[in-house]
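One file, my_file-v8.cif, is given below (mmCIF, C-alpha atoms, pLDDT in the B column; chains and numbers go by the auth columns).
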data_my_file
loop_
_atom_site.group_PDB
_atom_site.id
_atom_site.type_symbol
_atom_site.label_atom_id
_atom_site.label_comp_id
_atom_site.label_asym_id
_atom_site.label_seq_id
_atom_site.Cartn_x
_atom_site.Cartn_y
_atom_site.Cartn_z
_atom_site.B_iso_or_equiv
_atom_site.auth_seq_id
_atom_site.auth_asym_id
ATOM 1 C CA MET A 1 193.462 77.175 -40.388 74.00 1 O
ATOM 2 C CA ASP A 2 190.893 76.301 -43.017 84.00 2 O
ATOM 3 C CA THR A 3 189.174 78.712 -45.318 89.00 3 O
ATOM 4 C CA ILE A 4 185.853 77.611 -43.859 92.00 4 O
ATOM 5 C CA ILE A 5 186.915 78.409 -40.311 90.00 5 O
ATOM 6 C CA ARG A 6 188.320 81.740 -41.411 90.00 6 O
ATOM 7 C CA SER A 7 185.139 82.776 -43.200 92.00 7 O
ATOM 8 C CA ILE A 8 182.889 81.678 -40.367 92.00 8 O
ATOM 9 C CA SER A 9 184.991 83.418 -37.752 91.00 9 O
ATOM 10 C CA ARG A 10 185.124 86.568 -39.882 90.00 10 O
ATOM 11 C CA LEU A 11 181.317 86.479 -40.108 93.00 11 O
ATOM 12 C CA LEU A 12 180.875 85.681 -36.438 93.00 12 O
ATOM 13 C CA PHE A 13 183.364 88.162 -34.993 92.00 13 O
ATOM 14 C CA PRO A 14 181.261 91.377 -35.206 94.00 14 O
ATOM 15 C CA LEU A 15 178.202 89.576 -33.873 95.00 15 O
ATOM 16 C CA MET A 16 180.145 88.319 -30.864 94.00 16 O
ATOM 17 C CA LEU A 17 181.553 91.802 -30.329 93.00 17 O
ATOM 18 C CA LEU A 18 178.061 93.291 -30.461 95.00 18 O
ATOM 19 C CA PHE A 19 176.694 90.683 -28.087 94.00 19 O
ATOM 20 C CA GLY A 20 179.526 91.290 -25.645 94.00 20 O
ATOM 21 C CA ILE A 21 178.958 95.042 -25.708 93.00 21 O
ATOM 22 C CA TYR A 22 175.240 94.451 -25.183 93.00 22 O
ATOM 23 C CA VAL A 23 175.876 92.222 -22.184 93.00 23 O
ATOM 24 C CA ALA A 24 178.299 94.784 -20.738 92.00 24 O
ATOM 25 C CA LEU A 25 175.919 97.705 -21.167 91.00 25 O
ATOM 26 C CA HIS A 26 172.855 95.855 -19.896 90.00 26 O
ATOM 27 C CA GLY A 27 174.684 94.107 -17.071 88.00 27 O
ATOM 28 C CA HIS A 28 172.711 95.865 -14.369 87.00 28 O
ATOM 29 C CA LEU A 29 169.348 95.174 -16.025 88.00 29 O
ATOM 30 C CA THR A 30 169.518 91.649 -17.408 87.00 30 O
ATOM 31 C CA PRO A 31 171.533 88.567 -16.438 88.00 31 O
ATOM 32 C CA GLY A 32 175.148 89.091 -17.233 85.00 32 O
ATOM 33 C CA GLY A 33 177.598 91.676 -16.075 85.00 33 O
ATOM 34 C CA GLY A 34 181.227 92.544 -16.398 86.00 34 O
ATOM 35 C CA PHE A 35 182.775 89.096 -16.182 91.00 35 O
ATOM 36 C CA PRO A 36 180.574 87.309 -18.765 93.00 36 O
ATOM 37 C CA ALA A 37 180.823 90.283 -21.111 94.00 37 O
ATOM 38 C CA GLY A 38 184.595 90.239 -20.857 93.00 38 O
ATOM 39 C CA ALA A 39 184.619 86.496 -21.449 94.00 39 O
ATOM 40 C CA ILE A 40 182.496 86.915 -24.598 94.00 40 O
ATOM 41 C CA LEU A 41 184.651 89.734 -25.974 94.00 41 O
ATOM 42 C CA GLY A 42 187.863 87.901 -25.155 93.00 42 O
ATOM 43 C CA THR A 43 186.534 84.742 -26.811 93.00 43 O
ATOM 44 C CA ALA A 44 185.802 86.726 -29.977 93.00 44 O
ATOM 45 C CA PHE A 45 189.384 87.961 -30.156 90.00 45 O
ATOM 46 C CA ALA A 46 190.737 84.525 -29.236 90.00 46 O
ATOM 47 C CA MET A 47 188.710 82.992 -32.082 90.00 47 O
ATOM 48 C CA LEU A 48 190.169 85.556 -34.471 88.00 48 O
ATOM 49 C CA VAL A 49 193.727 84.908 -33.279 88.00 49 O
ATOM 50 C CA ILE A 50 193.346 81.126 -33.514 87.00 50 O
ATOM 51 C CA SER A 51 191.604 80.992 -36.884 89.00 51 O
ATOM 52 C CA TYR A 52 193.963 83.477 -38.523 86.00 52 O
ATOM 53 C CA THR A 53 197.657 83.576 -37.818 81.00 53 O
ATOM 54 C CA LYS A 54 198.905 85.605 -34.926 78.00 54 O
ATOM 55 C CA LYS A 55 200.699 88.108 -37.125 79.00 55 O
ATOM 56 C CA ASP A 56 197.556 89.055 -39.015 80.00 56 O
ATOM 57 C CA VAL A 57 195.877 90.151 -35.814 81.00 57 O
ATOM 58 C CA GLU A 58 199.011 91.559 -34.244 78.00 58 O
ATOM 59 C CA TYR A 59 199.436 93.986 -37.102 80.00 59 O
ATOM 60 C CA ARG A 60 196.543 96.057 -35.811 81.00 60 O
ATOM 61 C CA LEU A 61 196.324 94.911 -32.216 83.00 61 O
ATOM 62 C CA THR A 62 199.733 95.082 -30.622 82.00 62 O
ATOM 63 C CA HIS A 63 200.590 94.027 -27.106 81.00 63 O
ATOM 64 C CA ASN A 64 201.251 97.560 -26.046 84.00 64 O
ATOM 65 C CA LYS A 65 197.739 98.630 -26.993 87.00 65 O
ATOM 66 C CA ILE A 66 196.222 95.724 -25.051 87.00 66 O
ATOM 67 C CA ILE A 67 198.312 96.471 -21.973 87.00 67 O
ATOM 68 C CA ALA A 68 197.454 100.165 -22.246 90.00 68 O
ATOM 69 C CA VAL A 69 193.726 99.344 -22.387 91.00 69 O
ATOM 70 C CA LYS A 70 194.120 97.000 -19.425 90.00 70 O
ATOM 71 C CA SER A 71 195.937 99.572 -17.341 89.00 71 O
ATOM 72 C CA ALA A 72 193.418 102.287 -18.191 92.00 72 O
ATOM 73 C CA ALA A 73 190.529 99.981 -17.288 90.00 73 O
ATOM 74 C CA ALA A 74 192.252 99.076 -14.023 89.00 74 O
ATOM 75 C CA ILE A 75 192.694 102.737 -13.093 90.00 75 O
ATOM 76 C CA ILE A 76 189.064 103.532 -13.997 88.00 76 O
ATOM 77 C CA LEU A 77 187.855 100.562 -11.967 87.00 77 O
ATOM 78 C CA LEU A 78 189.994 101.632 -9.020 86.00 78 O
ATOM 79 C CA ILE A 79 188.525 105.126 -9.152 85.00 79 O
ATOM 80 C CA ILE A 80 184.981 103.757 -9.426 82.00 80 O
ATOM 81 C CA ILE A 81 185.292 101.234 -6.625 80.00 81 O
ATOM 82 C CA ILE A 82 187.231 103.375 -4.154 78.00 82 O
ATOM 83 C CA ARG A 83 184.914 106.298 -4.460 69.00 83 O
ATOM 84 C CA MET A 84 184.014 108.229 -1.412 56.00 84 O
ATOM 85 C CA SER A 85 181.499 110.532 -3.018 62.00 85 O
ATOM 86 C CA TYR A 86 177.928 109.411 -2.660 68.00 86 O
ATOM 87 C CA PHE A 87 177.015 112.849 -3.964 71.00 87 O
ATOM 88 C CA ILE A 88 177.963 111.857 -7.532 72.00 88 O
ATOM 89 C CA ARG A 89 176.063 108.613 -7.175 73.00 89 O
ATOM 90 C CA ASP A 90 172.911 110.420 -6.104 73.00 90 O
ATOM 91 C CA TRP A 91 173.399 112.853 -8.991 76.00 91 O
ATOM 92 C CA LEU A 92 173.673 109.914 -11.405 75.00 92 O
ATOM 93 C CA LEU A 93 170.647 108.218 -9.901 75.00 93 O
ATOM 94 C CA GLN A 94 168.306 111.173 -9.887 76.00 94 O
ATOM 95 C CA GLY A 95 165.490 111.195 -12.421 74.00 95 O
ATOM 96 C CA GLN A 96 166.123 107.589 -13.409 76.00 96 O
ATOM 97 C CA THR A 97 163.452 104.961 -13.153 78.00 97 O
ATOM 98 C CA LEU A 98 164.457 101.474 -12.148 77.00 98 O
ATOM 99 C CA PHE A 99 164.647 99.733 -15.515 80.00 99 O
ATOM 100 C CA SER A 100 166.080 102.494 -17.707 80.00 100 O
ATOM 101 C CA LEU A 101 169.492 102.079 -19.292 79.00 101 O
ATOM 102 C CA TRP A 102 171.584 104.423 -17.121 80.00 102 O
ATOM 103 C CA SER A 103 169.740 103.672 -13.913 81.00 103 O
ATOM 104 C CA GLY A 104 172.609 101.891 -12.240 76.00 104 O
ATOM 105 C CA GLY A 105 174.582 104.784 -10.838 78.00 105 O
ATOM 106 C CA PHE A 106 178.178 103.589 -10.860 81.00 106 O
ATOM 107 C CA THR A 107 177.504 99.993 -11.818 85.00 107 O
ATOM 108 C CA PRO A 108 177.338 100.407 -15.642 87.00 108 O
ATOM 109 C CA PHE A 109 180.736 102.089 -15.689 87.00 109 O
ATOM 110 C CA ALA A 110 182.128 99.441 -13.367 88.00 110 O
ATOM 111 C CA ASN A 111 180.672 96.798 -15.692 90.00 111 O
ATOM 112 C CA ILE A 112 182.346 98.340 -18.735 92.00 112 O
ATOM 113 C CA ALA A 113 185.700 98.698 -17.002 91.00 113 O
ATOM 114 C CA GLY A 114 185.504 95.161 -15.616 91.00 114 O
ATOM 115 C CA SER A 115 184.603 93.737 -19.002 93.00 115 O
ATOM 116 C CA LEU A 116 187.622 95.495 -20.515 93.00 116 O
ATOM 117 C CA MET A 117 189.803 94.021 -17.767 92.00 117 O
ATOM 118 C CA VAL A 118 188.592 90.463 -18.379 92.00 118 O
ATOM 119 C CA MET A 119 188.765 90.890 -22.174 92.00 119 O
ATOM 120 C CA THR A 120 192.366 92.073 -22.114 92.00 120 O
ATOM 121 C CA ALA A 121 193.303 89.318 -19.663 91.00 121 O
ATOM 122 C CA VAL A 122 191.931 86.673 -22.052 91.00 122 O
ATOM 123 C CA MET A 123 193.655 88.344 -24.993 89.00 123 O
ATOM 124 C CA ILE A 124 197.014 88.503 -23.217 87.00 124 O
ATOM 125 C CA ILE A 125 196.732 84.840 -22.203 86.00 125 O
ATOM 126 C CA VAL A 126 195.858 83.830 -25.781 87.00 126 O
ATOM 127 C CA TYR A 127 198.721 85.917 -27.148 83.00 127 O
ATOM 128 C CA GLY A 128 201.067 84.284 -24.701 80.00 128 O
ATOM 129 C CA VAL A 129 199.957 80.741 -25.428 80.00 129 O
ATOM 130 C CA VAL A 130 199.583 80.904 -29.218 80.00 130 O
ATOM 131 C CA ARG A 131 202.849 80.814 -31.076 69.00 131 O
ATOM 132 C CA GLU A 132 203.183 81.861 -34.690 62.00 132 O
ATOM 133 C CA MET B 1 208.000 79.460 18.120 88.00 1 S
ATOM 134 C CA LYS B 2 205.987 76.426 19.166 90.00 2 S
ATOM 135 C CA ILE B 3 204.073 78.528 21.683 93.00 3 S
ATOM 136 C CA ILE B 4 203.174 81.086 19.024 94.00 4 S
ATOM 137 C CA ALA B 5 202.091 78.328 16.653 94.00 5 S
ATOM 138 C CA GLY B 6 199.979 76.755 19.376 95.00 6 S
ATOM 139 C CA VAL B 7 198.302 80.042 20.234 96.00 7 S
ATOM 140 C CA LEU B 8 197.593 80.764 16.573 95.00 8 S
ATOM 141 C CA LEU B 9 196.187 77.259 16.107 95.00 9 S
ATOM 142 C CA LEU B 10 193.963 77.725 19.160 95.00 10 S
ATOM 143 C CA LEU B 11 192.703 81.065 17.853 95.00 11 S
ATOM 144 C CA PHE B 12 192.040 79.506 14.461 95.00 12 S
ATOM 145 C CA GLY B 13 190.103 76.682 16.114 94.00 13 S
ATOM 146 C CA ILE B 14 188.008 79.110 18.154 92.00 14 S
ATOM 147 C CA PHE B 15 187.334 81.177 15.050 89.00 15 S
ATOM 148 C CA MET B 16 186.291 78.169 12.987 89.00 16 S
ATOM 149 C CA ALA B 17 184.082 76.891 15.819 88.00 17 S
ATOM 150 C CA ALA B 18 182.433 80.301 16.058 84.00 18 S
ATOM 151 C CA VAL B 19 181.887 80.329 12.306 79.00 19 S
ATOM 152 C CA VAL B 20 180.370 76.850 12.331 79.00 20 S
ATOM 153 C CA ILE B 21 178.258 77.127 15.465 79.00 21 S
ATOM 154 C CA ASP B 22 176.832 80.627 15.601 69.00 22 S
ATOM 155 C CA PRO B 23 174.981 81.140 12.313 67.00 23 S
ATOM 156 C CA GLN B 24 173.644 77.711 11.536 70.00 24 S
ATOM 157 C CA PHE B 25 174.440 76.393 8.122 69.00 25 S
ATOM 158 C CA GLY B 26 171.668 77.020 5.628 70.00 26 S
ATOM 159 C CA VAL B 27 169.631 79.226 7.952 67.00 27 S
ATOM 160 C CA TRP B 28 169.528 82.579 6.284 65.00 28 S
ATOM 161 C CA GLU B 29 167.084 84.297 8.636 62.00 29 S
ATOM 162 C CA ASN B 30 169.886 84.873 11.099 59.00 30 S
ATOM 163 C CA ARG B 31 171.528 87.408 8.848 67.00 31 S
ATOM 164 C CA ASP B 32 170.062 90.831 8.467 77.00 32 S
ATOM 165 C CA VAL B 33 172.292 91.793 5.585 81.00 33 S
ATOM 166 C CA THR B 34 170.780 89.384 3.050 80.00 34 S
ATOM 167 C CA ALA B 35 167.266 90.618 3.698 82.00 35 S
ATOM 168 C CA TYR B 36 168.528 94.180 3.456 86.00 36 S
ATOM 169 C CA TYR B 37 170.229 93.477 0.115 87.00 37 S
ATOM 170 C CA LEU B 38 167.120 91.855 -1.306 85.00 38 S
ATOM 171 C CA GLU B 39 164.725 94.528 -0.100 86.00 39 S
ATOM 172 C CA GLN B 40 166.709 97.719 -0.534 84.00 40 S
ATOM 173 C CA GLY B 41 169.318 96.782 -3.141 82.00 41 S
ATOM 174 C CA ALA B 42 167.372 97.871 -6.170 82.00 42 S
ATOM 175 C CA PHE B 43 166.486 101.233 -4.676 81.00 43 S
ATOM 176 C CA GLU B 44 169.920 101.993 -3.290 80.00 44 S
ATOM 177 C CA THR B 45 171.985 101.022 -6.297 80.00 45 S
ATOM 178 C CA GLY B 46 169.381 101.515 -9.015 80.00 46 S
ATOM 179 C CA SER B 47 170.261 98.267 -10.758 83.00 47 S
ATOM 180 C CA SER B 48 167.516 95.705 -11.167 86.00 48 S
ATOM 181 C CA ASN B 49 169.957 92.824 -11.462 87.00 49 S
ATOM 182 C CA ILE B 50 170.538 91.950 -7.831 88.00 50 S
ATOM 183 C CA VAL B 51 173.640 89.870 -8.542 88.00 51 S
ATOM 184 C CA ASN B 52 175.224 92.816 -10.304 88.00 52 S
ATOM 185 C CA ALA B 53 174.204 95.163 -7.508 87.00 53 S
ATOM 186 C CA ILE B 54 175.874 92.958 -4.916 88.00 54 S
ATOM 187 C CA VAL B 55 178.964 92.125 -6.947 88.00 55 S
ATOM 188 C CA TRP B 56 179.784 95.590 -8.262 86.00 56 S
ATOM 189 C CA ASP B 57 178.273 97.856 -5.644 83.00 57 S
ATOM 190 C CA PHE B 58 177.854 96.368 -2.174 84.00 58 S
ATOM 191 C CA ARG B 59 180.872 94.079 -2.413 85.00 59 S
ATOM 192 C CA GLY B 60 182.910 96.317 -4.663 83.00 60 S
ATOM 193 C CA TYR B 61 186.184 95.829 -2.840 86.00 61 S
ATOM 194 C CA ASP B 62 185.919 92.070 -3.250 89.00 62 S
ATOM 195 C CA THR B 63 185.413 92.462 -6.990 88.00 63 S
ATOM 196 C CA MET B 64 188.338 94.850 -7.151 87.00 64 S
ATOM 197 C CA GLY B 65 190.466 92.136 -5.562 89.00 65 S
ATOM 198 C CA GLU B 66 189.277 89.695 -8.203 88.00 66 S
ATOM 199 C CA GLU B 67 190.270 92.108 -10.934 89.00 67 S
ATOM 200 C CA THR B 68 193.639 92.520 -9.236 90.00 68 S
ATOM 201 C CA VAL B 69 194.074 88.745 -9.471 90.00 69 S
ATOM 202 C CA LEU B 70 193.304 88.930 -13.200 88.00 70 S
ATOM 203 C CA PHE B 71 195.714 91.824 -13.641 89.00 71 S
ATOM 204 C CA THR B 72 198.446 89.972 -11.803 90.00 72 S
ATOM 205 C CA ALA B 73 197.868 86.856 -13.926 87.00 73 S
ATOM 206 C CA ALA B 74 198.130 88.853 -17.143 86.00 74 S
ATOM 207 C CA ILE B 75 201.252 90.692 -16.000 86.00 75 S
ATOM 208 C CA GLY B 76 202.786 87.378 -14.939 87.00 76 S
ATOM 209 C CA ILE B 77 202.072 85.909 -18.378 83.00 77 S
ATOM 210 C CA VAL B 78 203.676 88.928 -19.991 82.00 78 S
ATOM 211 C CA LEU B 79 206.746 88.671 -17.778 84.00 79 S
ATOM 212 C CA ILE B 80 207.216 84.894 -17.866 82.00 80 S
ATOM 213 C CA MET B 81 206.396 84.123 -21.484 76.00 81 S
ATOM 214 C CA GLY B 82 208.176 87.252 -22.658 70.00 82 S
ATOM 215 C CA VAL B 83 205.422 88.428 -24.944 61.00 83 S
ATOM 216 C CA GLY B 84 205.056 92.066 -25.660 54.00 84 S
ATOM 217 C CA LEU B 85 208.503 92.978 -24.444 54.00 85 S
ATOM 218 C CA HIS B 86 210.083 93.100 -27.878 56.00 86 S
ATOM 219 C CA GLY B 87 207.784 95.761 -29.196 50.00 87 S
ATOM 220 C CA HIS B 88 208.705 95.171 -32.829 50.00 88 S
ATOM 221 C CA ASN B 89 206.564 92.140 -33.538 50.00 89 S
ATOM 222 C CA HIS B 90 204.178 94.034 -35.733 49.00 90 S
ATOM 223 C CA LYS B 91 206.956 95.432 -37.913 49.00 91 S
ATOM 224 C CA LYS B 92 208.031 91.999 -39.119 48.00 92 S
ATOM 225 C CA HIS B 93 204.773 91.595 -40.944 47.00 93 S
#
Could you write out this structure as structure tokens?
Amino acid sequence: MDTIIRSISRLLFPLMLLFGIYVALHGHLTPGGGFPAGAILGTAFAMLVISYTKKDVEYRLTHNKIIAVKSAAAIILLIIIIRMSYFIRDWLLQGQTLFSLWSGGFTPFANIAGSLMVMTAVMIIVYGVVRE
Amino acid sequence: MKIIAGVLLLLFGIFMAAVVIDPQFGVWENRDVTAYYLEQGAFETGSSNIVNAIVWDFRGYDTMGEETVLFTAAIGIVLIMGVGLHGHNHKKH
């Protein structure tokens, strides 16, 4: 692509990453959550892949790493969702007021794992569609 | 075979009629669970975003199914388009 698009995407990429991480971490406090955060993060990487060539991004970010992150996020999400221990949840919730950052019990971790799942799904789809 | 299909169709019809008739469409006072979510959701889950509390905590299994759909889509892309199976793409650079 153009030099203009490359420069703008290089400037915009860390901001999008930061915004996505913010939405993922504050998903249980403000509007947002795991799916929009994953969409934002995946869009950042998709923008990078489209504006640069695929090989430039693939040098650092191989498929195996993406699939490993996706599998790890899936296992973490499985453990979080199929939990039987309300003891840990009460331990996480104790001493937290309603609007503090880690006041969600399991939901912040589920948000982070879900955002990683959606992000890697978008990245895998973009990697599959974009040739060269 | 036709008898089984007829019985299944009858059961489906009864089920759909029960769904349509019993809780009237748009009347939310019939359901206790919505009022419970709205009143007690923030205190039970600790998250002030009620959508997030419902999606990731009360209806966690549903969301896990959604993520399974995403996972299956990504694995299908990997298998069909053949990306990521070579493993040496980054060495050509």
With distances taken over all atoms listed in the file, the candidate from S:Ser47, S:Arg59, S:Thr72, S:Glu66 nearest chain O is S:Ser47
Please identify all polymer residues lying at most 12 Å from the point (179.8, 85.9, -28.7) (file coordinates), using all atoms listed in the file, and present the result as a PDB file with C-alpha atoms, keeping the file's coordinate frame.
ATOM      1  CA  SER O   9     184.991  83.418 -37.752  1.00 91.00           C
ATOM      2  CA  LEU O  11     181.317  86.479 -40.108  1.00 93.00           C
ATOM      3  CA  LEU O  12     180.875  85.681 -36.438  1.00 93.00           C
ATOM      4  CA  PHE O  13     183.364  88.162 -34.993  1.00 92.00           C
ATOM      5  CA  PRO O  14     181.261  91.377 -35.206  1.00 94.00           C
ATOM      6  CA  LEU O  15     178.202  89.576 -33.873  1.00 95.00           C
ATOM      7  CA  MET O  16     180.145  88.319 -30.864  1.00 94.00           C
ATOM      8  CA  LEU O  17     181.553  91.802 -30.329  1.00 93.00           C
ATOM      9  CA  LEU O  18     178.061  93.291 -30.461  1.00 95.00           C
ATOM     10  CA  PHE O  19     176.694  90.683 -28.087  1.00 94.00           C
ATOM     11  CA  GLY O  20     179.526  91.290 -25.645  1.00 94.00           C
ATOM     12  CA  ILE O  21     178.958  95.042 -25.708  1.00 93.00           C
ATOM     13  CA  TYR O  22     175.240  94.451 -25.183  1.00 93.00           C
ATOM     14  CA  VAL O  23     175.876  92.222 -22.184  1.00 93.00           C
ATOM     15  CA  PRO O  36     180.574  87.309 -18.765  1.00 93.00           C
ATOM     16  CA  ALA O  37     180.823  90.283 -21.111  1.00 94.00           C
ATOM     17  CA  GLY O  38     184.595  90.239 -20.857  1.00 93.00           C
ATOM     18  CA  ALA O  39     184.619  86.496 -21.449  1.00 94.00           C
ATOM     19  CA  ILE O  40     182.496  86.915 -24.598  1.00 94.00           C
ATOM     20  CA  LEU O  41     184.651  89.734 -25.974  1.00 94.00           C
ATOM     21  CA  GLY O  42     187.863  87.901 -25.155  1.00 93.00           C
ATOM     22  CA  THR O  43     186.534  84.742 -26.811  1.00 93.00           C
ATOM     23  CA  ALA O  44     185.802  86.726 -29.977  1.00 93.00           C
ATOM     24  CA  PHE O  45     189.384  87.961 -30.156  1.00 90.00           C
ATOM     25  CA  ALA O  46     190.737  84.525 -29.236  1.00 90.00           C
ATOM     26  CA  MET O  47     188.710  82.992 -32.082  1.00 90.00           C
ATOM     27  CA  LEU O  48     190.169  85.556 -34.471  1.00 88.00           C
TER      28      LEU O  48
END
Check your understanding: Using the chain letters and numbers from the file, which residues does the PyMOL selection byres ((chain O) within 7 of (chain S)) grab, as JSON, numbers by chain?
Key -> {"O": [27, 28, 29, 30, 31, 33, 55, 58, 59, 62, 63, 64, 81, 93, 98, 99, 103, 104, 105, 107, 110, 121, 124, 125, 128]}
How would you write, as a list in words, the residues chosen by the PyMOL selection byres ((chain O and resi 2) around 12) on this structure?
Met1, Thr3, Ile4, Ile5, Arg6, Ser7, Ile8, Ser9, Ile50, Ser51, Tyr52 and Thr53 of chain O
A straight line from atom CA of O:Met117 to atom CA of O:Lys70 spans 5.5 Å
Edge lengths and centre in Å to one decimal, as lines of an AutoDock Vina configuration file, is what I'm after for the box along x, y and z that holds all listed atoms of stretch 22-34 of chain O once 5 Å is added on each side.
center_x = 175.3
center_y = 93.1
center_z = -19.8
size_x = 21.9
size_y = 19.1
size_z = 20.8
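If you look at atom CA of O:Ser100 and atom CA of O:Ile79, they are 24.2 Å away from each other.
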Query - Long-range neighbours of O:Ser71 as a VMD selection string, 10 Å cut-off, only C-alpha atoms, 3 positions minimum in chain - result: (chain O and resid 65 to 68 74 to 77 116 to 117 120) or (chain S and resid 71)
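Using only C-alpha atoms, the nearest neighbour of S:Gly65 within the list O:Leu78, O:Leu101, O:Val129, O:Met123 is O:Leu78.
The two atoms in question, atom CA of O:Asn111 and atom CA of O:Ile80, are spaced 10.3 Å apart.
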Will you model N, CA and C atoms for stretch 39-61 of chain S and pass it back as an mmCIF file, keeping the file's coordinate frame?
data_model
loop_
_atom_site.group_PDB
_atom_site.id
_atom_site.type_symbol
_atom_site.label_atom_id
_atom_site.label_comp_id
_atom_site.auth_asym_id
_atom_site.auth_seq_id
_atom_site.Cartn_x
_atom_site.Cartn_y
_atom_site.Cartn_z
ATOM 1 N N GLU S 39 165.818 93.560 -0.164
ATOM 2 C CA GLU S 39 164.725 94.528 -0.100
ATOM 3 C C GLU S 39 165.130 95.900 -0.608
ATOM 4 N N GLN S 40 166.328 96.345 -0.235
ATOM 5 C CA GLN S 40 166.709 97.719 -0.534
ATOM 6 C C GLN S 40 167.741 97.850 -1.648
ATOM 7 N N GLY S 41 168.238 96.704 -2.177
ATOM 8 C CA GLY S 41 169.318 96.782 -3.141
ATOM 9 C C GLY S 41 168.966 97.517 -4.411
ATOM 10 N N ALA S 42 167.774 97.249 -4.916
ATOM 11 C CA ALA S 42 167.372 97.871 -6.170
ATOM 12 C C ALA S 42 167.195 99.380 -6.008
ATOM 13 N N PHE S 43 166.734 99.806 -4.853
ATOM 14 C CA PHE S 43 166.486 101.233 -4.676
ATOM 15 C C PHE S 43 167.761 101.988 -4.314
ATOM 16 N N GLU S 44 168.690 101.293 -3.645
ATOM 17 C CA GLU S 44 169.920 101.993 -3.290
ATOM 18 C C GLU S 44 170.875 102.094 -4.463
ATOM 19 N N THR S 45 171.020 100.995 -5.204
ATOM 20 C CA THR S 45 171.985 101.022 -6.297
ATOM 21 C C THR S 45 171.346 101.361 -7.623
ATOM 22 N N GLY S 46 170.046 101.184 -7.763
ATOM 23 C CA GLY S 46 169.381 101.515 -9.015
ATOM 24 C C GLY S 46 169.470 100.436 -10.058
ATOM 25 N N SER S 47 170.136 99.320 -9.762
ATOM 26 C CA SER S 47 170.261 98.267 -10.758
ATOM 27 C C SER S 47 169.289 97.146 -10.418
ATOM 28 N N SER S 48 168.543 96.707 -11.419
ATOM 29 C CA SER S 48 167.516 95.705 -11.167
ATOM 30 C C SER S 48 168.082 94.298 -11.126
ATOM 31 N N ASN S 49 169.301 94.122 -11.567
ATOM 32 C CA ASN S 49 169.957 92.824 -11.462
ATOM 33 C C ASN S 49 170.637 92.742 -10.105
ATOM 34 N N ILE S 50 170.083 91.925 -9.229
ATOM 35 C CA ILE S 50 170.538 91.950 -7.831
ATOM 36 C C ILE S 50 171.941 91.377 -7.698
ATOM 37 N N VAL S 51 172.284 90.423 -8.576
ATOM 38 C CA VAL S 51 173.640 89.870 -8.542
ATOM 39 C C VAL S 51 174.655 90.953 -8.873
ATOM 40 N N ASN S 52 174.318 91.742 -9.909
ATOM 41 C CA ASN S 52 175.224 92.816 -10.304
ATOM 42 C C ASN S 52 175.318 93.880 -9.227
ATOM 43 N N ALA S 53 174.176 94.155 -8.572
ATOM 44 C CA ALA S 53 174.204 95.163 -7.508
ATOM 45 C C ALA S 53 175.101 94.728 -6.367
ATOM 46 N N ILE S 54 175.043 93.430 -6.023
ATOM 47 C CA ILE S 54 175.874 92.958 -4.916
ATOM 48 C C ILE S 54 177.331 92.895 -5.332
ATOM 49 N N VAL S 55 177.576 92.362 -6.552
ATOM 50 C CA VAL S 55 178.964 92.125 -6.947
ATOM 51 C C VAL S 55 179.703 93.436 -7.181
ATOM 52 N N TRP S 56 179.062 94.381 -7.866
ATOM 53 C CA TRP S 56 179.784 95.590 -8.262
ATOM 54 C C TRP S 56 179.523 96.774 -7.365
ATOM 55 N N ASP S 57 178.564 96.672 -6.445
ATOM 56 C CA ASP S 57 178.273 97.856 -5.644
ATOM 57 C C ASP S 57 178.441 97.599 -4.151
ATOM 58 N N PHE S 58 177.727 96.614 -3.610
ATOM 59 C CA PHE S 58 177.854 96.368 -2.174
ATOM 60 C C PHE S 58 179.203 95.745 -1.849
ATOM 61 N N ARG S 59 179.591 94.762 -2.651
ATOM 62 C CA ARG S 59 180.872 94.079 -2.413
ATOM 63 C C ARG S 59 181.899 94.506 -3.442
ATOM 64 N N GLY S 60 182.024 95.805 -3.623
ATOM 65 C CA GLY S 60 182.910 96.317 -4.663
ATOM 66 C C GLY S 60 184.375 96.037 -4.406
ATOM 67 N N TYR S 61 184.769 96.065 -3.136
ATOM 68 C CA TYR S 61 186.184 95.829 -2.840
ATOM 69 C C TYR S 61 186.584 94.397 -3.164
#
